[in-house]
Each structure stands twice: as C-alpha cells, then as structure tokens.
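Notes for the one structure printed next.
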Amino acid sequence: MMKTFAKLIAISAMALLCSCTPERSITDFGGKGDGLTLNSEAFAKGIEEIYSKGGGILKVPAGIWLTGPITLKSGVNLHLERNALVVFSSDLEHYPIVETNFEGLDVRRCLALINADGARNISITGEGVFDGNGQDWRAVKKSKVPSSVWKSHLAKGGVLSPDGKTWFPDEGYAKAQATAGNFNKADDSLDEQEIKRFLRPELLLFKNCENVLLEGCTFQNSPAWNLHLLWSKNIEVNNVTVLNPSWSQNGDGIDIDACDGVYLHDSHFDVGDDAICIKSGKDEDGRRHGRACSNLLIENCTVYAGHGGFVIGSEMSGGVHDVSVKNCTFIGTDVGLRFKSMRGRGGVVRNINIENIYMKDIIGDAIIFNLFYAGKPATEADKDGNVEEIPQVDETTPEFRDISISNIICNGAKSAVYVNGLPEMPVSNLSIKDCIFRAKKGIETHYVQNFKQDNVQFIQQ
C-alpha cells in the first residue's frame, strides 16, 4: 500500500509542475541578484501575480538574492536555477512575531524564512540553495565548536554567559535563555521585541498545506529547524540536501509534524540535531490538537551528522502510525534509530516498519527506545534509595507498540540496542530480526513485552 501511495504522490507532484504556467522571472519584478539589493518586494510581487492568475512558476536565476521572508501562495512553484543562492537577511525588522507551533507547543516566534499557511499545490524546485544566515541567530557553546568558530563569534560582539562558556547574539537572547533553561520558551513577561533574536525562525514552515513538493534544492544554515511540515498532507520531498553546522542548537533536518501522506526519498542530511524526525505535538497542546502523523514512506536517504538518523518523538502526543522506513544509510550520527518520549506526553506510536538500514560509526546506540527522555531512568532510585511510585495509565501515558525492525547492518556503535520502557506501559510487540551489530555492548532491555529476536548477530568491537 505504501508503494502505491508513494507513486500517487510522485505522479501528482509531476502533474503540479507540468500545470505550472506561465513562467516568470524574479527579474521581471525588479529583482537583482547582486547580493546587496533586498528582494523581499520582488518575491512578494512575483508570487502574488502568479497566484492571482491561477498558478505558475517563479524562476530565480543564478546570482545571490538577498531577501526577507518569502510567503508562498497556492499554485506557485518557486524554482531556483543552478547557481541561484537565496540568502535571508538577519535584520530583525524583517521578521514579525506570529502565532505558530514549535516543538509541539502553541507559541509565538519570528515568521519562518520560507512560509505558507493553508496553501494548496505549492512547490520549491531546482538546483539552487537557500541559506538562512543562522550564525547571526543562534547561541553557541564554546565546548561544541572549533576555536576558529568561537573566535569568529566573539569578533562579532554579542554577549557571553557569566561563566564565559556560551555566546549569545545579543542581551535579549541571553536574558530569555536564562529564564528558559534548556527549553525554547522564555518567561512570558519578557518583552517580545527585546528577545526577538531568541525567538529565532525556522528556515521553512508549511502549515495546513496540501499537495506540496520540495525537490532538488539545498536548504542550509537555518536559525532553528530547517524543514518543518506541520498539519499538512500529500507531500513529496525528493532529492533535497539539508545542512546545518553540527553545533547548531535545534538544527533539525526535517520535522514531519502531524502530517498525513508524506513521501521522503533520495535526500541527504548533515545537521546539528535530529535529522529525519517524526512528531505530532507536545503534552496538553498536542493532545488538544489531536492530529496524528501517519502514512509516511521514507526511503533511500543518507544521514551524516545528527543526533539521530531516523527519530520518532519526543513530541508525539497526537500519535504516530503507519510509517515505513527503508534503504537508508547513517554515517557518524549520534544514534541510528531513535524513539523517545516521557510521562506526560500521551500518544500512541504503532505500526512502524523499518528495514534495510546501514549504519557506520554510530557514536551512541544503533537502536534506542527511551521512554524516560529528559527524565530519570526507571532502573534508578533517588538519592535516598527510594524507588518511585508507578503512576496509573491515563491519557498522559505514551505507548510504543507493533514495531518491526529488520535487516540492520551496523558497523560500529556504543551499543546495539537499548530499550527503556515505562513500568506502567512497556514497549510491546517489538520485533528485531536479520540484523548484524558490531558494537561495544549488545542488547539491554527494561520493561518490554513480547520482544522477539530472530537471527540477530552481535560482534563485540
């Protein structure tokens, strides 16, 4: 069924491209690719004219195209020709603060660099590059970057943390971070305009959209997540390259968030956080929206740096089901296959099929299920030796079940498989078969029901 769905998506995407007439160039609307001229108005005028005429292609020729946010509208194909580089200004005045959803929560953040809300039949194609100028937005930890990068940030000014270990773009960011801790939501009493740099935008956010194609382009250097597909359906992502520095905070590759019908294939990721990540909302906000992420086919993708090659969670309160991942390669990621959640999330993850995954030099676990993400493992007691009371199962209890993983070849990892379920809701119906792991440690499990292993080889390195 997944193969049929993928073909239908591909056919609809090609039909969309063929129907996109007429063709116009950004230069027809006063655009200049000199790297100096701000082209926000040219993009807006070109998109509006094509939209008003029922659809078409807006071409961006070779050059450096400086711009503020680009808002796509229904029927528009934004096409970057070879050697076209779209660079987004980091001037705060170009980015209004809007109501949005980030990391599964309803929040206010800066408008995404490329954005669409409620659009149909939209596409971004070609051979060009979108660059988000993320280095002007992100905080940087000294311990995570080469000395040359640290020195270059110091030379730009900014603000250092009291211990001198973190660089912030400005005082507002530092103030917001102090109230947010490790999270991305600052104290609501702070002035939004003052902490605007902290409310950094995503490179691309398509929300409530239908019939979407991303093909051929490179998306890089985002202030936050690179590609965020939210509450949308009928999507194809083909032959894209997604890049972020390995130290980029929240530098996810692609987040498929509460979407239905997505075909991601033949793409490359080298990023600073999770690479291919499946989400569906966080805690009460996620349960209230109640939108699952479903009917996904992911194949023939390659991941280099990233916290996880393929990831589900931790924001999965709306549930995730009917996902197929196959024929992918992970080289040097922190984790290969990563499943994460915690008490309070709720949501059910089910009917996940993963096969033909090839891993090399995985820093941590080849496969991990951690239902104590950002929390205390179930196997640990507190400092006084007391074991926590097991809570009752309710709508806030996450559940992972009916997951099949087969034909995994891992050449190097800290551990082969680590499963840490919840005492009140163990991971259930987990099958791992026809796998070869070369790792320092083998398989460790806690709170798993009906765990089947068949033809699993472990070679200690």
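Each chain of the structure tokens is named A, B, ... in the order shown, its residues numbered from 1; ligands are numbered from 1 in display order.
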
(request) as a PyMOL selection string, list the residues of stretch 128-315 of chain A assigned to strand (DSSP E or B) by DSSP on the backbone atoms of this structure. (result) chain A and resi 129-131+140-141+159-160+166-168+204-207+210-215+218-220+227-230+233-238+241-243+254-257+260-265+268-270+276-279+293-299+302-303+310-312

(message) as JSON, numbers by chain, please: the residues near A:Phe400 (cut-off 7 Å, only C-alpha atoms, same-chain neighbours under 4 positions excluded).
(response) {"A": [348, 349, 350, 427, 428]}

Keeping N, CA and C atoms, export the residues of the selection given above as a PDB file, in the first residue's frame.
```pdb
ATOM      1  N   VAL A 348       0.071   7.435  21.011  1.00  0.00           N
ATOM      2  CA  VAL A 348       0.392   6.049  20.690  1.00  0.00           C
ATOM      3  C   VAL A 348       1.215   6.012  19.409  1.00  0.00           C
ATOM      4  N   VAL A 349       2.346   5.338  19.457  1.00  0.00           N
ATOM      5  CA  VAL A 349       3.178   5.094  18.276  1.00  0.00           C
ATOM      6  C   VAL A 349       3.011   3.629  17.903  1.00  0.00           C
ATOM      7  N   ARG A 350       2.525   3.366  16.681  1.00  0.00           N
ATOM      8  CA  ARG A 350       2.219   1.974  16.312  1.00  0.00           C
ATOM      9  C   ARG A 350       2.399   1.760  14.805  1.00  0.00           C
ATOM     10  N   VAL A 427       7.203  -1.039  26.314  1.00  0.00           N
ATOM     11  CA  VAL A 427       7.234  -1.160  24.858  1.00  0.00           C
ATOM     12  C   VAL A 427       6.755  -2.568  24.523  1.00  0.00           C
ATOM     13  N   SER A 428       5.820  -2.693  23.565  1.00  0.00           N
ATOM     14  CA  SER A 428       5.229  -4.009  23.312  1.00  0.00           C
ATOM     15  C   SER A 428       5.242  -4.364  21.830  1.00  0.00           C
TER      16      SER A 428
END
```

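Neighbouring residues of A:Leu85 at 9 Å or closer, counting only C-alpha atoms and skipping chain neighbours under 4 positions away, are Gly33, Val60, Pro61, Ala62, Gly63, Ile64, Trp65, Leu66, Leu80, Gly128, Val129, Phe130 and Asp131 of chain A.
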
(request) State, in Å with one decimal place, the distance from atom CA of A:Ile363 to atom CA of A:Val335. (result) 6.5 Å

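Here atom CA of A:Glu99 is placed at a distance of 28.6 Å from atom CA of A:Gly308.
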
(request) Can you pull out every residue within 8 Å of A:Arg438, counting only C-alpha atoms, but drop anything in the same chain fewer than 4 positions away, and send it as a PyMOL selection string? (result) chain A and resi 410-413+416+458-461

(request) Pick out the residues sitting within 9 Å of A:Phe102, and hand them over as an MDAnalysis selection string; count only C-alpha atoms, and ignore anything fewer than 4 positions along from it in its own chain. (result) chainID A and resid 106:109 184 281

Write the residues you've just listed into a file as a compact mmCIF listing (two decimals), in the first residue's frame, and include N, CA and C atoms for each of them.
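Once written, out23.txt looks like this:
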```txt
# COMPACT_ATOMS: atom_id res chain seq x y z
N ASP A 106 1.99 25.52 21.19
CA ASP A 106 1.48 26.74 20.60
C ASP A 106 2.25 27.92 21.20
N VAL A 107 3.01 28.60 20.37
CA VAL A 107 3.91 29.64 20.85
C VAL A 107 3.90 30.82 19.89
N ARG A 108 4.64 31.86 20.24
CA ARG A 108 4.89 32.99 19.36
C ARG A 108 6.37 33.04 19.03
N ARG A 109 6.65 33.08 17.74
CA ARG A 109 8.05 33.12 17.28
C ARG A 109 8.13 33.98 16.03
N ASN A 184 12.81 26.13 24.84
CA ASN A 184 12.75 27.20 23.86
C ASN A 184 11.59 28.15 24.12
N GLY A 281 3.02 16.87 18.16
CA GLY A 281 2.56 17.72 19.24
C GLY A 281 3.06 17.28 20.59
```

(message) For A:His307, find every residue with an atom within 10 Å (counting only C-alpha atoms), except residues of its own chain fewer than 6 positions away, and show them as a VMD selection string.
(response) chain A and resid 246 251 to 252 271 to 276 332 to 338 363 to 364
